[in-house]
>>> print(open('work39.txt').read())   # compact mmCIF, C-alpha atoms
# COMPACT_ATOMS: atom_id res chain seq x y z
CA MET A 1 64.84 106.42 93.72
CA VAL A 2 67.97 108.58 93.50
CA ASP A 3 66.07 111.47 95.09
CA TRP A 4 65.20 109.26 98.07
CA PHE A 5 68.91 108.67 98.83
CA ALA A 6 69.47 112.45 98.83
CA ARG A 7 67.07 113.01 101.74
CA PRO A 8 68.37 113.25 105.32
CA SER A 9 65.70 110.79 106.44
CA SER A 10 67.05 108.16 104.04
CA VAL A 11 70.42 108.23 105.77
CA TRP A 12 68.75 107.43 109.08
CA TRP A 13 66.96 104.49 107.49
CA GLY A 14 70.33 103.32 106.18
CA PHE A 15 71.85 103.84 109.63
CA ALA A 16 69.11 101.70 111.18
CA VAL A 17 69.52 98.90 108.64
CA VAL A 18 73.32 98.74 109.02
CA HIS A 19 73.27 98.82 112.81
CA LEU A 20 70.39 96.34 113.09
CA TYR A 21 72.30 93.98 110.80
CA PHE A 22 75.36 94.07 113.06
CA LEU A 23 73.15 93.85 116.16
CA GLY A 24 71.68 90.65 114.73
CA TRP A 25 75.13 89.27 114.11
CA MET A 26 76.29 90.24 117.62
CA ALA A 27 73.18 88.55 119.04
CA SER A 28 74.66 85.18 118.11
CA PHE A 29 77.28 85.94 120.76
CA PHE A 30 75.61 87.94 123.55
CA LEU A 31 72.49 85.76 123.69
CA HIS A 32 74.82 83.01 124.88
CA GLY A 33 76.68 85.30 127.26
CA ASP A 34 79.69 85.48 124.91
CA THR A 35 81.75 88.34 123.53
CA PHE A 36 83.69 88.82 120.31
CA SER A 37 87.29 89.76 119.52
CA ASP A 38 88.80 92.38 121.86
CA THR A 39 85.56 92.83 123.77
CA GLU A 40 86.43 89.61 125.61
CA GLN A 41 89.60 91.31 126.89
CA TYR A 42 87.61 94.42 127.78
CA ARG A 43 85.07 92.34 129.71
CA GLN A 44 87.87 90.63 131.60
CA TRP A 45 89.29 93.99 132.63
CA ALA A 46 85.87 95.22 133.72
CA MET A 47 85.48 92.11 135.90
CA ASP A 48 89.05 91.98 137.28
CA GLY A 49 89.55 95.67 137.93
CA TYR A 50 92.32 98.00 136.80
CA ASN A 51 95.12 97.32 139.27
CA PRO A 52 97.95 95.60 137.34
CA ALA A 53 99.17 94.02 140.58
CA ASP A 54 95.93 92.02 140.76
CA LEU A 55 96.08 90.70 137.21
CA ASP A 56 98.62 87.90 137.84
CA GLY A 57 100.65 88.45 134.67
CA LYS A 58 97.67 89.12 132.40
CA ILE A 59 97.55 91.95 129.86
CA SER A 60 97.16 95.25 131.71
CA PRO A 61 94.26 97.62 130.91
CA TRP A 62 96.79 100.46 131.13
CA VAL A 63 97.97 99.46 127.68
CA TYR A 64 95.33 102.06 126.70
CA PRO A 65 95.21 105.66 127.92
CA VAL A 66 93.20 105.99 131.10
CA LEU A 67 89.90 107.33 129.69
CA ALA A 68 89.44 104.09 127.74
CA GLN A 69 88.55 102.55 131.08
CA ILE A 70 85.29 104.53 131.17
CA PRO A 71 83.53 102.80 128.23
CA ILE A 72 85.21 99.50 129.12
CA PHE A 73 83.75 99.68 132.64
CA LEU A 74 80.41 101.16 131.51
CA ALA A 75 79.75 98.25 129.15
CA ASN A 76 79.63 95.95 132.18
CA ILE A 77 76.78 97.88 133.77
CA ALA A 78 74.21 95.18 132.86
CA GLY A 79 76.51 92.34 133.85
CA PRO A 80 79.12 90.28 132.00
CA ASP A 81 76.61 88.22 130.00
CA LEU A 82 75.31 91.35 128.22
CA TYR A 83 78.71 93.03 127.94
CA LEU A 84 78.86 92.81 124.14
CA LEU A 85 75.33 94.18 123.74
CA VAL A 86 75.97 97.22 125.93
CA TRP A 87 79.32 97.84 124.21
CA PHE A 88 77.56 97.74 120.84
CA LEU A 89 74.85 100.13 122.05
CA ILE A 90 77.45 102.64 123.32
CA ILE A 91 79.11 102.73 119.90
CA THR A 92 75.74 102.91 118.14
CA ALA A 93 74.75 105.92 120.27
CA LEU A 94 78.03 107.70 119.50
CA ASN A 95 77.61 106.96 115.79
CA ALA A 96 74.09 108.40 115.92
CA VAL A 97 75.41 111.61 117.47
CA GLY A 98 78.10 111.81 114.79
CA LEU A 99 75.52 111.29 112.05
CA ALA A 100 73.30 113.99 113.54
CA PHE A 101 76.16 116.49 113.42
CA LEU A 102 76.94 115.41 109.86
CA THR A 103 73.41 115.89 108.50
CA ARG A 104 72.05 118.96 110.27
CA GLY A 105 72.36 122.73 109.92
CA PRO A 106 74.73 123.90 107.18
CA ARG A 107 75.59 120.27 106.36
CA LYS A 108 71.96 119.22 105.90
CA VAL A 109 72.57 118.79 102.17
CA GLY A 110 76.35 118.51 101.84
CA GLY A 111 76.62 115.88 104.56
CA ILE A 112 74.23 113.36 102.98
CA ALA A 113 76.64 111.76 100.48
CA PRO A 114 79.51 111.58 103.05
CA ALA A 115 77.06 110.00 105.50
CA TRP A 116 76.23 107.29 102.96
CA TRP A 117 79.95 106.77 102.38
CA TRP A 118 80.36 106.27 106.14
CA LEU A 119 77.62 103.64 106.20
CA PHE A 120 79.15 101.73 103.29
CA PHE A 121 82.56 101.94 104.94
CA THR A 122 81.06 100.48 108.13
CA VAL A 123 79.59 97.59 106.15
CA PHE A 124 82.82 96.84 104.28
CA MET A 125 84.94 97.23 107.41
CA GLY A 126 82.77 94.63 109.09
CA TYR A 127 82.23 94.20 112.79
CA LEU A 128 85.67 95.63 113.61
CA SER A 129 83.84 98.95 113.91
CA PHE A 130 81.91 97.52 116.88
CA ALA A 131 84.53 95.37 118.60
CA ARG A 132 87.38 97.76 119.40
CA VAL A 133 88.02 101.05 121.24
CA GLU A 134 88.40 102.71 117.83
CA GLY A 135 84.62 102.51 117.52
CA ILE A 136 84.40 104.82 120.56
CA THR A 137 86.92 107.38 119.34
CA ALA A 138 85.97 107.60 115.63
CA PRO A 139 82.65 109.49 116.02
CA ILE A 140 84.24 111.82 118.60
CA VAL A 141 87.00 112.70 116.12
CA LEU A 142 84.43 113.20 113.35
CA ILE A 143 82.45 115.68 115.44
CA ALA A 144 85.69 117.49 116.32
CA LEU A 145 86.65 117.80 112.65
CA LEU A 146 83.20 119.14 111.75
CA TYR A 147 83.58 121.73 114.52
CA ALA A 148 87.23 122.59 113.89
CA ALA A 149 86.83 125.43 111.36
CA GLN A 150 84.23 127.43 113.35
CA ARG A 151 84.93 126.29 116.92
CA PRO A 152 88.54 125.10 117.10
CA VAL A 153 88.65 125.18 120.91
CA VAL A 154 85.68 122.79 121.13
CA ALA A 155 87.45 120.58 118.60
CA GLY A 156 90.59 120.73 120.73
CA VAL A 157 88.70 119.60 123.83
CA LEU A 158 87.04 116.70 121.98
CA LEU A 159 90.31 115.57 120.40
CA SER A 160 92.13 115.78 123.74
CA ILE A 161 89.46 113.60 125.33
CA ALA A 162 89.68 111.14 122.42
CA THR A 163 93.48 111.04 122.71
CA TRP A 164 93.14 109.98 126.34
CA ILE A 165 91.00 107.08 125.12
CA LYS A 166 93.30 105.98 122.27
CA VAL A 167 96.43 107.86 121.21
CA TRP A 168 95.73 108.19 117.48
CA PRO A 169 93.51 111.36 117.63
CA ALA A 170 96.69 113.29 118.47
CA ALA A 171 97.52 112.88 114.77
CA VAL A 172 94.42 114.98 114.01
CA LEU A 173 95.02 117.48 116.81
CA VAL A 174 98.48 118.49 115.57
CA PRO A 175 97.37 119.75 112.10
CA ILE A 176 94.48 121.68 113.67
CA VAL A 177 96.88 123.36 116.11
CA ILE A 178 99.18 124.31 113.22
CA ALA A 179 96.43 125.56 110.91
CA SER A 180 94.21 127.39 113.39
CA ARG A 181 94.53 131.04 114.36
CA LYS A 182 93.50 130.01 117.88
CA ARG A 183 96.28 127.48 118.37
CA VAL A 184 97.19 128.84 121.82
CA HIS A 185 93.60 128.41 123.01
CA ILE A 186 93.52 124.87 121.56
CA LEU A 187 96.75 123.98 123.36
CA LEU A 188 95.40 125.39 126.62
CA SER A 189 92.21 123.36 126.22
CA GLY A 190 94.35 120.24 125.78
CA VAL A 191 96.33 121.09 128.91
CA ALA A 192 93.07 121.61 130.83
CA VAL A 193 91.67 118.23 129.72
CA THR A 194 94.94 116.55 130.64
CA ALA A 195 94.92 118.20 134.08
CA VAL A 196 91.38 116.97 134.75
CA VAL A 197 92.32 113.46 133.60
CA ALA A 198 95.42 113.46 135.82
CA LEU A 199 93.40 114.69 138.81
CA GLY A 200 90.75 112.02 138.34
CA THR A 201 93.40 109.32 137.95
CA TRP A 202 95.16 110.50 141.09
CA LEU A 203 91.92 110.49 143.09
CA SER A 204 91.20 106.93 141.93
CA GLY A 205 94.69 105.79 142.90
CA GLY A 206 95.93 105.03 139.40
CA LEU A 207 98.31 107.92 138.82
CA PRO A 208 101.50 105.76 138.87
CA HIS A 209 100.15 103.94 135.79
CA ILE A 210 98.86 106.91 133.82
CA MET A 211 101.73 106.82 131.30
CA ASP A 212 101.98 103.02 131.05
CA PHE A 213 100.39 103.08 127.59
CA LEU A 214 103.59 104.69 126.27
CA THR A 215 105.86 101.95 127.62
CA ASN A 216 103.80 98.74 127.78
CA GLN A 217 104.41 97.88 124.14
CA GLY A 218 107.89 99.29 123.71
CA GLU A 219 109.61 95.90 123.34
CA ARG A 220 107.15 94.34 120.92
CA GLY A 221 108.25 93.21 117.47
CA MET A 222 106.88 93.85 114.00
CA GLN A 223 103.21 92.90 113.93
CA LEU A 224 102.18 90.73 111.00
CA GLU A 225 99.87 93.28 109.33
CA ALA A 226 102.19 96.29 109.70
CA THR A 227 103.14 97.92 106.40
CA PHE A 228 106.88 97.45 106.96
CA SER A 229 106.35 93.77 107.85
CA THR A 230 105.49 92.95 104.23
CA PRO A 231 109.01 91.69 103.27
CA TRP A 232 109.07 89.24 106.20
CA VAL A 233 105.56 88.03 105.32
CA TRP A 234 106.89 86.96 101.90
CA LEU A 235 110.07 85.53 103.44
CA SER A 236 107.76 83.41 105.59
CA VAL A 237 105.68 82.36 102.59
CA PHE A 238 108.79 81.06 100.83
CA ASN A 239 110.34 79.80 104.09
CA ILE A 240 113.56 81.75 103.58
CA ALA A 241 116.23 81.96 106.30
CA GLY A 242 113.94 80.58 108.98
CA SER A 243 111.47 83.45 108.68
CA LYS A 244 108.10 82.83 110.30
CA MET A 245 104.95 84.37 111.76
CA ALA A 246 104.26 83.49 115.39
CA ASP A 247 102.20 84.65 118.37
CA ASN A 248 103.53 87.01 121.00
CA THR A 249 101.28 85.74 123.77
CA ALA A 250 102.36 88.43 126.23
CA ILE A 251 100.50 91.09 124.25
CA ASN A 252 98.10 88.89 122.23
CA SER A 253 99.71 89.71 118.88
CA THR A 254 101.05 87.84 115.85
CA GLU A 255 104.49 89.07 114.78
CA VAL A 256 107.02 88.37 112.03
CA TYR A 257 110.44 86.85 112.73
CA GLY A 258 113.43 86.61 110.44
CA PRO A 259 116.67 88.31 109.39
CA GLY A 260 116.56 91.99 110.33
CA ALA A 261 113.03 91.92 111.79
CA SER A 262 114.19 92.96 115.27
CA VAL A 263 116.25 95.80 113.80
CA ALA A 264 113.23 97.01 111.83
CA ALA A 265 111.10 96.91 115.00
CA PHE A 266 113.72 99.00 116.82
CA LEU A 267 113.84 101.57 114.00
CA MET A 268 110.10 102.00 113.57
CA GLN A 269 109.61 104.38 116.50
CA PRO A 270 112.26 106.89 115.35
CA LEU A 271 110.95 106.56 111.77
CA LEU A 272 107.46 107.36 112.98
CA ILE A 273 108.70 110.41 114.87
CA LEU A 274 110.66 111.55 111.81
CA ALA A 275 107.60 111.12 109.58
CA ALA A 276 105.50 113.18 112.00
CA VAL A 277 108.12 115.95 112.07
CA ILE A 278 108.33 116.05 108.26
CA ALA A 279 104.53 116.18 108.05
CA ALA A 280 104.46 119.09 110.52
CA VAL A 281 107.10 120.94 108.48
CA LEU A 282 105.01 120.49 105.33
CA LEU A 283 101.98 121.89 107.14
CA VAL A 284 103.85 124.94 108.45
CA ARG A 285 105.31 125.56 104.98
CA ALA A 286 101.87 125.36 103.37
CA LEU A 287 100.39 127.71 105.98
CA ASN A 288 103.14 130.28 105.46
CA ARG A 289 102.45 130.19 101.72
CA GLY A 290 98.80 131.03 102.13
CA ALA A 291 97.05 127.66 102.13
CA GLU A 292 93.33 127.69 102.91
CA ARG A 293 93.20 126.74 106.58
CA GLU A 294 90.31 124.26 106.62
CA GLU A 295 91.62 122.32 103.63
CA LEU A 296 95.07 122.42 105.22
CA PHE A 297 94.08 120.82 108.52
CA LEU A 298 91.91 118.25 106.75
CA GLU A 299 94.60 117.12 104.32
CA GLY A 300 97.19 117.48 107.06
CA SER A 301 95.10 115.21 109.28
CA LEU A 302 94.90 112.60 106.52
CA MET A 303 98.66 112.83 105.99
CA MET A 304 99.46 112.58 109.69
CA VAL A 305 97.02 109.75 110.47
CA THR A 306 98.13 107.73 107.44
CA ALA A 307 101.76 108.23 108.47
CA PHE A 308 100.85 106.96 111.97
CA ILE A 309 99.63 103.75 110.30
CA VAL A 310 102.28 103.28 107.59
CA PHE A 311 105.23 103.90 109.94
CA ASN A 312 103.80 101.86 112.81
CA LYS A 313 105.23 98.51 113.85
CA VAL A 314 101.72 97.63 115.01
CA GLY A 315 99.35 97.05 112.11
CA SER A 316 96.14 96.01 113.81
CA PRO A 317 93.19 95.91 111.37
CA GLN A 318 91.12 98.35 113.41
CA PHE A 319 93.70 101.08 112.68
CA ILE A 320 91.93 101.60 109.34
CA ILE A 321 89.00 103.06 111.30
CA TRP A 322 91.27 106.00 112.20
CA LEU A 323 91.08 107.25 108.61
CA ALA A 324 87.29 107.27 108.27
CA PRO A 325 86.47 110.49 110.22
CA VAL A 326 89.06 112.45 108.24
CA ILE A 327 87.72 111.20 104.90
CA ILE A 328 84.11 111.92 105.92
CA ALA A 329 84.98 115.48 106.99
CA GLY A 330 87.00 115.95 103.78
CA LEU A 331 84.11 114.76 101.59
CA THR A 332 81.81 117.17 103.42
CA HIS A 333 84.21 120.04 102.74
CA ASP A 334 84.94 119.25 99.07
CA TRP A 335 83.54 116.06 97.51
CA GLU A 336 85.45 116.36 94.23
CA ARG A 337 88.80 116.90 95.88
CA TRP A 338 88.33 114.03 98.34
CA LYS A 339 86.71 111.34 96.19
CA VAL A 340 90.08 109.76 95.30
CA PRO A 341 91.21 109.10 98.90
CA ALA A 342 87.65 108.05 99.72
CA ALA A 343 87.83 105.37 97.00
CA LEU A 344 91.27 104.29 98.19
CA LEU A 345 90.08 103.92 101.78
CA MET A 346 87.08 101.89 100.69
CA GLY A 347 89.45 99.48 98.95
CA ILE A 348 91.63 99.38 102.07
CA ALA A 349 88.55 98.59 104.20
CA MET A 350 87.45 95.74 101.94
CA THR A 351 90.87 94.09 101.83
CA THR A 352 91.23 94.54 105.60
CA PHE A 353 87.95 92.69 106.19
CA VAL A 354 89.15 89.82 103.98
CA ILE A 355 92.33 89.67 106.07
CA TYR A 356 90.57 89.91 109.43
CA PRO A 357 88.38 88.29 110.45
CA LEU A 358 87.58 86.24 107.33
CA PHE A 359 90.89 84.58 106.47
CA TYR A 360 93.32 85.52 109.21
CA THR A 361 94.19 81.90 110.01
CA PRO A 362 95.45 81.15 106.45
CA LEU A 363 97.44 84.40 106.60
CA ILE A 364 99.29 83.47 109.79
CA HIS A 365 100.04 80.10 108.18
CA ALA A 366 101.76 81.94 105.30
CA HIS A 367 99.17 81.31 102.57
CA PRO A 368 100.43 83.10 99.42
CA VAL A 369 97.00 84.39 98.33
CA MET A 370 96.41 86.02 101.71
CA ALA A 371 99.95 87.41 101.67
CA ALA A 372 99.11 88.99 98.30
CA ILE A 373 95.89 90.52 99.67
CA LEU A 374 97.76 91.92 102.68
CA THR A 375 100.41 93.34 100.35
CA THR A 376 97.69 94.96 98.24
CA ARG A 377 96.18 96.55 101.35
CA ASN A 378 99.57 97.88 102.44
CA VAL A 379 100.35 99.25 98.98
CA LEU A 380 97.01 101.10 99.01
CA LEU A 381 97.96 102.62 102.37
CA VAL A 382 101.27 103.85 100.91
CA VAL A 383 99.42 105.29 97.89
CA LEU A 384 97.02 107.08 100.24
CA LEU A 385 99.98 108.53 102.15
CA TRP A 386 101.57 109.65 98.88
CA TRP A 387 98.31 111.34 97.82
CA SER A 388 98.00 113.21 101.10
CA VAL A 389 101.64 114.34 101.07
CA LYS A 390 101.36 115.48 97.45
CA ARG A 391 98.14 117.42 97.99
CA THR A 392 99.42 119.01 101.20
CA ALA A 393 102.59 120.09 99.42
CA GLU A 394 100.49 121.55 96.59
CA LEU A 395 98.57 123.65 99.12
CA GLY A 396 101.86 125.28 99.97
CA ARG A 397 102.70 126.40 96.46
CA LYS A 398 102.20 130.02 95.53
CA PRO A 399 100.00 130.43 92.44
CA ALA A 400 101.88 131.24 89.30
CA ALA A 401 101.98 134.88 88.35
CA VAL A 402 99.32 135.87 85.83
CA PRO A 403 100.82 137.48 82.69
CA ALA A 404 99.99 141.14 82.15
CA GLY A 405 96.87 141.58 80.09
CA ALA A 406 95.67 138.03 80.68
>>> encode(input="work39.txt", output="structure tokens")
Amino acid sequence: MVDWFARPSSVWWGFAVVHLYFLGWMASFFLHGDTFSDTEQYRQWAMDGYNPADLDGKISPWVYPVLAQIPIFLANIAGPDLYLLVWFLIITALNAVGLAFLTRGPRKVGGIAPAWWWLFFTVFMGYLSFARVEGITAPIVLIALLYAAQRPVVAGVLLSIATWIKVWPAAVLVPIVIASRKRVHILLSGVAVTAVVALGTWLSGGLPHIMDFLTNQGERGMQLEATFSTPWVWLSVFNIAGSKMADNTAINSTEVYGPGASVAAFLMQPLLILAAVIAAVLLVRALNRGAEREELFLEGSLMMVTAFIVFNKVGSPQFIIWLAPVIIAGLTHDWERWKVPAALLMGIAMTTFVIYPLFYTPLIHAHPVMAAILTTRNVLLVVLLWWSVKRTAELGRKPAAVPAGA
């Protein structure tokens, strides 16, 4: 039985079972012409168009980078009643391509166990993997990471495209630029992708909005699930100083309110920038001290992506999907070295699924058990960040001198 799980064909059977299970679950929605979670917002954008002036105060689709509009529009190709089905099939197709890259060629053997880890992660993460834009970007980032050591320019192109769908892949692109010998070529590929995106946006008449995703959420507060929101979650649980959790209807988010919450929200952006700068310094230091390049950009990617989550005033549950491609690529490179963060992320995925969608309503009503589960999830994220910082710093240490005659 164990031998069966070690075969590439077994992974594809597992892939089919997992995706058919979620297809069956999604069928309870799309067979009635319904959608689920954020796909309802995506369907509305696809039906209303992308001109903010026509949206009459609704949430603008330009809250995402412009290339996100491609899958959002494409999912409406069979009409609004089947929107969720087509969206699911797009993500399934991308996942299949990612799995093919993971289990072929030189990774035909080494990619099997990481592929199984990916499938279990998808199960424990729940249908979040199929209801958000992150499901589009994750397999693209995985393919880029698998390419990065041998074809860094291809990886740069893929990551640049993914960044113009959702910003987070930039956290993977930066370590690859630092660690690669072809960093100039990677940067030029990113500039080329950006130029093509800008040209296409200009031709479609949307150029004035191309940078809206950087400003649309600038005034938002601390989202409930954000790591740094944890103190105000407990203040709300114990009803201290008028602290509470409430909806920000303008951006469809639940935020924390209480003493110092607005100050924390204001400080999060500079803290995030500072964390990214410190992470980049650690990467440069490790490179200058002879760190192995592939391990450096993998651990650097984990460090940077985790920092993007921990120091973010937005803590949406789908953010956890950002970490999966990095862990999968790390497990493929060195299973023993990466099994600890892989276990941590699996725990983070399971607690995230309990939080959303299972028991999100009790959480926003300040239930202490759900506050404890959210706190556990956030502590695990901090531990994962600590692990990645520690291991990246260790890559930058020169080996101790060997005594003469040893």
>>> atom_distance(input="work39.txt", atom1="CA of Tyr360 in chain A", atom2="CA of Val18 in chain A")
24.0 Å
>>> closest_residue(input="work39.txt", among="A:Tyr147, A:Phe101, A:Phe353, A:Phe120", to="Glu294 in chain A", atoms="only C-alpha atoms")
A:Tyr147
>>> residues_near_point(input="work39.txt", point="(84.5, 120.1, 124.4)", cutoff="12 Å", atoms="all atoms listed in the file", output="JSON, numbers by chain")
{"A": [140, 141, 143, 144, 147, 148, 151, 152, 153, 154, 155, 156, 157, 158, 159, 160, 161, 162, 186, 189, 190, 192, 193]}
>>> closest_residue(input="work39.txt", among="A:Ala275, A:Met26, A:Val11, A:Val379", to="Ala171 in chain A", atoms="only C-alpha atoms")
A:Ala275
>>> residues_around(input="work39.txt", residues="Pro169 in chain A", least_positions_apart="4", cutoff="12 Å", atoms="only C-alpha atoms", output="PyMOL selection string")
chain A and resi 65+134+136-142+144-145+155-165+173-176+301-302+304-306+308+319+321-326
>>> closest_residue(input="work39.txt", among="A:Pro259, A:Ala280, A:Leu67, A:Thr227", to="Ala198 in chain A", atoms="all atoms listed in the file")
A:Leu67
>>> atom_distance(input="work39.txt", atom1="CA of Trp87 in chain A", atom2="CA of Asn51 in chain A")
21.8 Å
>>> axis_aligned_box(input="work39.txt", around="range 36-41 of chain A", padding_each_side="6 Å", output="AutoDock Vina command-line options")
--center_x 86.6 --center_y 90.8 --center_z 123.2 --size_x 17.9 --size_y 16.0 --size_z 19.4
>>> residues_around(input="work39.txt", residues="Asp334 in chain A", least_positions_apart="5", cutoff="12 Å", atoms="only C-alpha atoms", output="PDB file with C-alpha atoms, in the frame of the given file")
ATOM      1  CA  ARG A 107      75.590 120.270 106.360  1.00  0.00           C
ATOM      2  CA  GLY A 110      76.350 118.510 101.840  1.00  0.00           C
ATOM      3  CA  GLY A 111      76.620 115.880 104.560  1.00  0.00           C
ATOM      4  CA  ALA A 113      76.640 111.760 100.480  1.00  0.00           C
ATOM      5  CA  PRO A 114      79.510 111.580 103.050  1.00  0.00           C
ATOM      6  CA  GLU A 294      90.310 124.260 106.620  1.00  0.00           C
ATOM      7  CA  GLU A 295      91.620 122.320 103.630  1.00  0.00           C
ATOM      8  CA  LEU A 298      91.910 118.250 106.750  1.00  0.00           C
ATOM      9  CA  GLU A 299      94.600 117.120 104.320  1.00  0.00           C
ATOM     10  CA  ILE A 327      87.720 111.200 104.900  1.00  0.00           C
ATOM     11  CA  ILE A 328      84.110 111.920 105.920  1.00  0.00           C
ATOM     12  CA  ALA A 329      84.980 115.480 106.990  1.00  0.00           C
ATOM     13  CA  LYS A 339      86.710 111.340  96.190  1.00  0.00           C
ATOM     14  CA  VAL A 340      90.080 109.760  95.300  1.00  0.00           C
ATOM     15  CA  PRO A 341      91.210 109.100  98.900  1.00  0.00           C
ATOM     16  CA  ALA A 342      87.650 108.050  99.720  1.00  0.00           C
TER      17      ALA A 342
END
>>> closest_residue(input="work39.txt", among="A:Ala93, A:Leu363, A:Met370, A:Ile72", to="Ala16 in chain A", atoms="only C-alpha atoms")
A:Ala93
>>> residues_around(input="work39.txt", residues="Val383 in chain A", least_positions_apart="3", cutoff="12 Å", atoms="all atoms listed in the file", output="PyMOL selection string")
chain A and resi 227+303+306-307+310+340-341+343-345+347-348+376-380+386-390
>>> closest_residue(input="work39.txt", among="A:Ala53, A:Ala393, A:Ala261, A:Val109", to="Leu282 in chain A", atoms="only C-alpha atoms")
A:Ala393
>>> residues_around(input="work39.txt", residues="Ile210 in chain A", least_positions_apart="5", cutoff="12 Å", atoms="all atoms listed in the file", output="ChimeraX atom specification")
/A:50-52,60-69,164-165,194-195,197-202,204-205,215-216
